[in-house]
Amino acid sequence: MPYAYDDQNIFAKILRGEIPNNTVLETDHSLAFRDIAPQAPDHVLVIPKGPYMSYDHFATAASDAEIVDYTRAVGKVCEMLGVAPGNGFRLIANAGEHGVQEVPHLHVHILAGKNMGPMVSV
Ligand code: 5GP
């Protein structure tokens, strides 16, 4: 099934400046901002600026420049938060229905500032 990006999703609106965000870092191809409903003392979302729905979509369709920029942005945010090296963090990328992805624009969650407990609870 082809990827069908919905440009009305909330993160597309954030990228267009239609909705405010608490920016942590902006690079050529990526934006990092604080989650509106944080589940840890530090809860930052990192998104690519391009129209990618999920990690797999990005990994298969994005340019090398976008992938390098995005990966470096994640590293930079961890450095800015002081969690790596440090007390560590959890990195989560939900995808699709079974991954329980709420917003269909790729984002990784960086969760830090407390022990995040078991990896998965159902
Ligand atoms: P998902 O379940 O798709 O992996 O996570 C989506 C995340 O986006 C949730 O943690 C939710 O709190 C966050 N979120 C939803 N709407 C907004 C918004 O308008 N602004 C920000 N900063 N975060 C949002």
# chains A, B, ... in the order shown; residues from 1 in each chain; ligands from 1
$ residues_around --residues "A:Asp56" --least-positions-apart "2" --cutoff "12 Å" --atoms "only C-alpha atoms" --output "CSV table (one decimal) with C-alpha atoms, in the first residue's frame"
chain,number,residue,atom,x,y,z
A,3,TYR,CA,2.1,6.0,1.8
A,52,TYR,CA,6.9,11.4,6.0
A,53,MET,CA,4.3,9.5,7.9
A,54,SER,CA,6.5,7.1,9.9
A,58,PHE,CA,11.3,8.2,6.1
A,59,ALA,CA,14.0,5.5,6.1
A,60,THR,CA,12.9,4.3,2.6
A,61,ALA,CA,12.0,7.6,0.9
A,62,ALA,CA,14.0,10.4,2.5
A,67,ILE,CA,18.4,11.3,7.2
A,93,ALA,CA,8.8,5.9,17.4
A,94,ASN,CA,5.2,4.7,17.1
A,95,ALA,CA,3.9,3.7,13.7
A,96,GLY,CA,0.5,3.0,12.4
A,105,HIS,CA,3.9,12.6,10.7
A,106,LEU,CA,7.1,10.9,11.7
A,107,HIS,CA,8.2,11.8,15.2
$ residues_around --residues "A:Phe11" --least-positions-apart "6" --cutoff "12 Å" --atoms "only C-alpha atoms" --output "PyMOL selection string"
chain A and resi 5+17-21+30-33+35-36+45-53+102-107
$ write_last_selection --atoms "N, CA and C atoms" --output "PDB file, in the first residue's frame"
ATOM      1  N   TYR A   5       0.331  10.678   2.698  1.00  0.00           N
ATOM      2  CA  TYR A   5       0.567  11.688   3.730  1.00  0.00           C
ATOM      3  C   TYR A   5      -0.596  12.683   3.795  1.00  0.00           C
ATOM      4  N   GLY A  17       3.691  26.794  10.697  1.00  0.00           N
ATOM      5  CA  GLY A  17       3.557  27.937  11.593  1.00  0.00           C
ATOM      6  C   GLY A  17       2.116  28.266  11.935  1.00  0.00           C
ATOM      7  N   GLU A  18       1.192  27.349  11.653  1.00  0.00           N
ATOM      8  CA  GLU A  18      -0.228  27.608  11.917  1.00  0.00           C
ATOM      9  C   GLU A  18      -0.585  27.341  13.384  1.00  0.00           C
ATOM     10  N   ILE A  19       0.264  26.556  14.043  1.00  0.00           N
ATOM     11  CA  ILE A  19       0.066  26.217  15.454  1.00  0.00           C
ATOM     12  C   ILE A  19       1.396  26.468  16.164  1.00  0.00           C
ATOM     13  N   PRO A  20       1.375  27.120  17.323  1.00  0.00           N
ATOM     14  CA  PRO A  20       2.641  27.394  18.018  1.00  0.00           C
ATOM     15  C   PRO A  20       3.257  26.130  18.603  1.00  0.00           C
ATOM     16  N   ASN A  21       4.555  26.205  18.842  1.00  0.00           N
ATOM     17  CA  ASN A  21       5.225  25.074  19.493  1.00  0.00           C
ATOM     18  C   ASN A  21       6.356  25.610  20.341  1.00  0.00           C
ATOM     19  N   SER A  30      14.908  19.412  10.051  1.00  0.00           N
ATOM     20  CA  SER A  30      14.276  18.828  11.240  1.00  0.00           C
ATOM     21  C   SER A  30      13.827  19.909  12.223  1.00  0.00           C
ATOM     22  N   LEU A  31      12.842  19.537  13.037  1.00  0.00           N
ATOM     23  CA  LEU A  31      12.362  20.428  14.098  1.00  0.00           C
ATOM     24  C   LEU A  31      12.148  19.590  15.353  1.00  0.00           C
ATOM     25  N   ALA A  32      12.627  20.104  16.477  1.00  0.00           N
ATOM     26  CA  ALA A  32      12.403  19.433  17.763  1.00  0.00           C
ATOM     27  C   ALA A  32      11.658  20.399  18.672  1.00  0.00           C
ATOM     28  N   PHE A  33      10.625  19.873  19.322  1.00  0.00           N
ATOM     29  CA  PHE A  33       9.811  20.724  20.208  1.00  0.00           C
ATOM     30  C   PHE A  33       9.247  19.887  21.345  1.00  0.00           C
ATOM     31  N   ASP A  35       6.696  18.104  23.841  1.00  0.00           N
ATOM     32  CA  ASP A  35       5.365  17.497  23.739  1.00  0.00           C
ATOM     33  C   ASP A  35       4.369  18.307  24.560  1.00  0.00           C
ATOM     34  N   ILE A  36       3.166  18.459  24.029  1.00  0.00           N
ATOM     35  CA  ILE A  36       2.143  19.257  24.707  1.00  0.00           C
ATOM     36  C   ILE A  36       1.636  18.563  25.977  1.00  0.00           C
ATOM     37  N   LEU A  45       9.752  15.948  21.083  1.00  0.00           N
ATOM     38  CA  LEU A  45       9.452  15.282  19.820  1.00  0.00           C
ATOM     39  C   LEU A  45      10.392  15.821  18.753  1.00  0.00           C
ATOM     40  N   VAL A  46      10.949  14.939  17.946  1.00  0.00           N
ATOM     41  CA  VAL A  46      11.795  15.375  16.842  1.00  0.00           C
ATOM     42  C   VAL A  46      11.134  14.914  15.552  1.00  0.00           C
ATOM     43  N   ILE A  47      10.904  15.855  14.648  1.00  0.00           N
ATOM     44  CA  ILE A  47      10.230  15.527  13.388  1.00  0.00           C
ATOM     45  C   ILE A  47      11.072  16.004  12.205  1.00  0.00           C
ATOM     46  N   PRO A  48      10.971  15.275  11.094  1.00  0.00           N
ATOM     47  CA  PRO A  48      11.579  15.803   9.870  1.00  0.00           C
ATOM     48  C   PRO A  48      10.643  16.867   9.280  1.00  0.00           C
ATOM     49  N   LYS A  49      11.186  17.801   8.526  1.00  0.00           N
ATOM     50  CA  LYS A  49      10.331  18.812   7.901  1.00  0.00           C
ATOM     51  C   LYS A  49       9.608  18.265   6.672  1.00  0.00           C
ATOM     52  N   GLY A  50      10.133  17.206   6.110  1.00  0.00           N
ATOM     53  CA  GLY A  50       9.514  16.607   4.928  1.00  0.00           C
ATOM     54  C   GLY A  50       8.275  15.809   5.280  1.00  0.00           C
ATOM     55  N   PRO A  51       7.448  15.498   4.255  1.00  0.00           N
ATOM     56  CA  PRO A  51       6.151  14.841   4.470  1.00  0.00           C
ATOM     57  C   PRO A  51       6.266  13.319   4.595  1.00  0.00           C
ATOM     58  N   TYR A  52       6.767  12.887   5.739  1.00  0.00           N
ATOM     59  CA  TYR A  52       6.939  11.448   5.975  1.00  0.00           C
ATOM     60  C   TYR A  52       6.035  11.013   7.110  1.00  0.00           C
ATOM     61  N   MET A  53       5.339   9.905   6.899  1.00  0.00           N
ATOM     62  CA  MET A  53       4.330   9.473   7.863  1.00  0.00           C
ATOM     63  C   MET A  53       4.914   8.753   9.068  1.00  0.00           C
ATOM     64  N   GLU A 102      -0.604   8.406  17.013  1.00  0.00           N
ATOM     65  CA  GLU A 102      -1.702   9.383  17.026  1.00  0.00           C
ATOM     66  C   GLU A 102      -1.566  10.383  15.888  1.00  0.00           C
ATOM     67  N   VAL A 103      -0.360  10.875  15.669  1.00  0.00           N
ATOM     68  CA  VAL A 103      -0.134  11.916  14.655  1.00  0.00           C
ATOM     69  C   VAL A 103       0.638  11.297  13.480  1.00  0.00           C
ATOM     70  N   PRO A 104       0.052  11.316  12.265  1.00  0.00           N
ATOM     71  CA  PRO A 104       0.668  10.614  11.130  1.00  0.00           C
ATOM     72  C   PRO A 104       1.753  11.421  10.411  1.00  0.00           C
ATOM     73  N   HIS A 105       2.656  11.955  11.188  1.00  0.00           N
ATOM     74  CA  HIS A 105       3.879  12.591  10.664  1.00  0.00           C
ATOM     75  C   HIS A 105       4.995  12.048  11.549  1.00  0.00           C
ATOM     76  N   LEU A 106       6.041  11.502  10.931  1.00  0.00           N
ATOM     77  CA  LEU A 106       7.104  10.876  11.728  1.00  0.00           C
ATOM     78  C   LEU A 106       7.548  11.761  12.887  1.00  0.00           C
ATOM     79  N   HIS A 107       7.605  11.153  14.038  1.00  0.00           N
ATOM     80  CA  HIS A 107       8.201  11.829  15.196  1.00  0.00           C
ATOM     81  C   HIS A 107       8.813  10.764  16.080  1.00  0.00           C
TER      82      HIS A 107
END
$ closest_residue --among "A:Ala65, A:Met80, A:Ala12, A:Val122" --to "A:Asp28" --atoms "only C-alpha atoms"
A:Ala65
$ closest_residue --among "A:Gln8, A:Thr27, A:Asn22, A:Gln39" --to "A:Gly117" --atoms "only C-alpha atoms"
A:Gln39
$ closest_residue --among "A:Pro85, A:Pro41, A:Gly99, A:Gly75" --to "ligand 1" --atoms "only C-alpha atoms and all ligand atoms"
A:Gly99
$ closest_residue --among "A:Met116, A:Val44, A:Met1, A:Leu111" --to "A:Leu25" --atoms "only C-alpha atoms"
A:Val44
$ atom_distance --atom1 "atom CA of A:Asn115" --atom2 "atom CA of A:Glu97"
26.9 Å
$ select_by_dssp --residues "stretch 11-96 of chain A" --states "helix (DSSP H, G or I)" --output "PyMOL selection string"
chain A and resi 11-15+55-61+64-81
$ closest_residue --among "A:Tyr70, A:Asp7, A:Val108, A:Ser121" --to "ligand 1" --atoms "only C-alpha atoms and all ligand atoms"
A:Val108
$ decode --residues "stretch 30-58 of chain A" --atoms "N, CA and C atoms" --output "PDB file, in the first residue's frame"
ATOM      1  N   SER A  30      14.908  19.412  10.051  1.00  0.00           N
ATOM      2  CA  SER A  30      14.276  18.828  11.240  1.00  0.00           C
ATOM      3  C   SER A  30      13.827  19.909  12.223  1.00  0.00           C
ATOM      4  N   LEU A  31      12.842  19.537  13.037  1.00  0.00           N
ATOM      5  CA  LEU A  31      12.362  20.428  14.098  1.00  0.00           C
ATOM      6  C   LEU A  31      12.148  19.590  15.353  1.00  0.00           C
ATOM      7  N   ALA A  32      12.627  20.104  16.477  1.00  0.00           N
ATOM      8  CA  ALA A  32      12.403  19.433  17.763  1.00  0.00           C
ATOM      9  C   ALA A  32      11.658  20.399  18.672  1.00  0.00           C
ATOM     10  N   PHE A  33      10.625  19.873  19.322  1.00  0.00           N
ATOM     11  CA  PHE A  33       9.811  20.724  20.208  1.00  0.00           C
ATOM     12  C   PHE A  33       9.247  19.887  21.345  1.00  0.00           C
ATOM     13  N   ARG A  34       8.845  20.561  22.401  1.00  0.00           N
ATOM     14  CA  ARG A  34       8.345  19.850  23.582  1.00  0.00           C
ATOM     15  C   ARG A  34       6.933  19.329  23.355  1.00  0.00           C
ATOM     16  N   ASP A  35       6.696  18.104  23.841  1.00  0.00           N
ATOM     17  CA  ASP A  35       5.365  17.497  23.739  1.00  0.00           C
ATOM     18  C   ASP A  35       4.369  18.307  24.560  1.00  0.00           C
ATOM     19  N   ILE A  36       3.166  18.459  24.029  1.00  0.00           N
ATOM     20  CA  ILE A  36       2.143  19.257  24.707  1.00  0.00           C
ATOM     21  C   ILE A  36       1.636  18.563  25.977  1.00  0.00           C
ATOM     22  N   ALA A  37       1.789  17.256  26.045  1.00  0.00           N
ATOM     23  CA  ALA A  37       1.337  16.480  27.214  1.00  0.00           C
ATOM     24  C   ALA A  37       2.494  15.598  27.694  1.00  0.00           C
ATOM     25  N   PRO A  38       3.493  16.209  28.314  1.00  0.00           N
ATOM     26  CA  PRO A  38       4.719  15.469  28.641  1.00  0.00           C
ATOM     27  C   PRO A  38       4.481  14.291  29.578  1.00  0.00           C
ATOM     28  N   GLN A  39       5.163  13.177  29.250  1.00  0.00           N
ATOM     29  CA  GLN A  39       5.061  11.980  30.075  1.00  0.00           C
ATOM     30  C   GLN A  39       6.346  11.714  30.839  1.00  0.00           C
ATOM     31  N   ALA A  40       7.215  12.708  30.875  1.00  0.00           N
ATOM     32  CA  ALA A  40       8.462  12.650  31.638  1.00  0.00           C
ATOM     33  C   ALA A  40       8.909  14.101  31.834  1.00  0.00           C
ATOM     34  N   PRO A  41       9.814  14.352  32.774  1.00  0.00           N
ATOM     35  CA  PRO A  41      10.282  15.742  32.969  1.00  0.00           C
ATOM     36  C   PRO A  41      10.776  16.369  31.670  1.00  0.00           C
ATOM     37  N   ASP A  42      11.476  15.588  30.856  1.00  0.00           N
ATOM     38  CA  ASP A  42      11.814  16.034  29.498  1.00  0.00           C
ATOM     39  C   ASP A  42      11.102  15.130  28.512  1.00  0.00           C
ATOM     40  N   HIS A  43      10.291  15.711  27.661  1.00  0.00           N
ATOM     41  CA  HIS A  43       9.581  14.946  26.618  1.00  0.00           C
ATOM     42  C   HIS A  43       9.607  15.800  25.356  1.00  0.00           C
ATOM     43  N   VAL A  44      10.538  15.444  24.475  1.00  0.00           N
ATOM     44  CA  VAL A  44      10.750  16.227  23.258  1.00  0.00           C
ATOM     45  C   VAL A  44      10.429  15.359  22.052  1.00  0.00           C
ATOM     46  N   LEU A  45       9.752  15.948  21.083  1.00  0.00           N
ATOM     47  CA  LEU A  45       9.452  15.282  19.820  1.00  0.00           C
ATOM     48  C   LEU A  45      10.392  15.821  18.753  1.00  0.00           C
ATOM     49  N   VAL A  46      10.949  14.939  17.946  1.00  0.00           N
ATOM     50  CA  VAL A  46      11.795  15.375  16.842  1.00  0.00           C
ATOM     51  C   VAL A  46      11.134  14.914  15.552  1.00  0.00           C
ATOM     52  N   ILE A  47      10.904  15.855  14.648  1.00  0.00           N
ATOM     53  CA  ILE A  47      10.230  15.527  13.388  1.00  0.00           C
ATOM     54  C   ILE A  47      11.072  16.004  12.205  1.00  0.00           C
ATOM     55  N   PRO A  48      10.971  15.275  11.094  1.00  0.00           N
ATOM     56  CA  PRO A  48      11.579  15.803   9.870  1.00  0.00           C
ATOM     57  C   PRO A  48      10.643  16.867   9.280  1.00  0.00           C
ATOM     58  N   LYS A  49      11.186  17.801   8.526  1.00  0.00           N
ATOM     59  CA  LYS A  49      10.331  18.812   7.901  1.00  0.00           C
ATOM     60  C   LYS A  49       9.608  18.265   6.672  1.00  0.00           C
ATOM     61  N   GLY A  50      10.133  17.206   6.110  1.00  0.00           N
ATOM     62  CA  GLY A  50       9.514  16.607   4.928  1.00  0.00           C
ATOM     63  C   GLY A  50       8.275  15.809   5.280  1.00  0.00           C
ATOM     64  N   PRO A  51       7.448  15.498   4.255  1.00  0.00           N
ATOM     65  CA  PRO A  51       6.151  14.841   4.470  1.00  0.00           C
ATOM     66  C   PRO A  51       6.266  13.319   4.595  1.00  0.00           C
ATOM     67  N   TYR A  52       6.767  12.887   5.739  1.00  0.00           N
ATOM     68  CA  TYR A  52       6.939  11.448   5.975  1.00  0.00           C
ATOM     69  C   TYR A  52       6.035  11.013   7.110  1.00  0.00           C
ATOM     70  N   MET A  53       5.339   9.905   6.899  1.00  0.00           N
ATOM     71  CA  MET A  53       4.330   9.473   7.863  1.00  0.00           C
ATOM     72  C   MET A  53       4.914   8.753   9.068  1.00  0.00           C
ATOM     73  N   SER A  54       5.995   8.037   8.841  1.00  0.00           N
ATOM     74  CA  SER A  54       6.477   7.123   9.877  1.00  0.00           C
ATOM     75  C   SER A  54       7.969   6.879   9.671  1.00  0.00           C
ATOM     76  N   TYR A  55       8.562   6.175  10.635  1.00  0.00           N
ATOM     77  CA  TYR A  55      10.007   5.938  10.538  1.00  0.00           C
ATOM     78  C   TYR A  55      10.343   5.127   9.288  1.00  0.00           C
ATOM     79  N   ASP A  56       9.550   4.105   9.003  1.00  0.00           N
ATOM     80  CA  ASP A  56       9.815   3.271   7.828  1.00  0.00           C
ATOM     81  C   ASP A  56       9.662   4.061   6.537  1.00  0.00           C
ATOM     82  N   HIS A  57       8.652   4.950   6.476  1.00  0.00           N
ATOM     83  CA  HIS A  57       8.466   5.802   5.304  1.00  0.00           C
ATOM     84  C   HIS A  57       9.703   6.688   5.099  1.00  0.00           C
ATOM     85  N   PHE A  58      10.126   7.308   6.183  1.00  0.00           N
ATOM     86  CA  PHE A  58      11.302   8.188   6.132  1.00  0.00           C
ATOM     87  C   PHE A  58      12.551   7.413   5.722  1.00  0.00           C
TER      88      PHE A  58
END
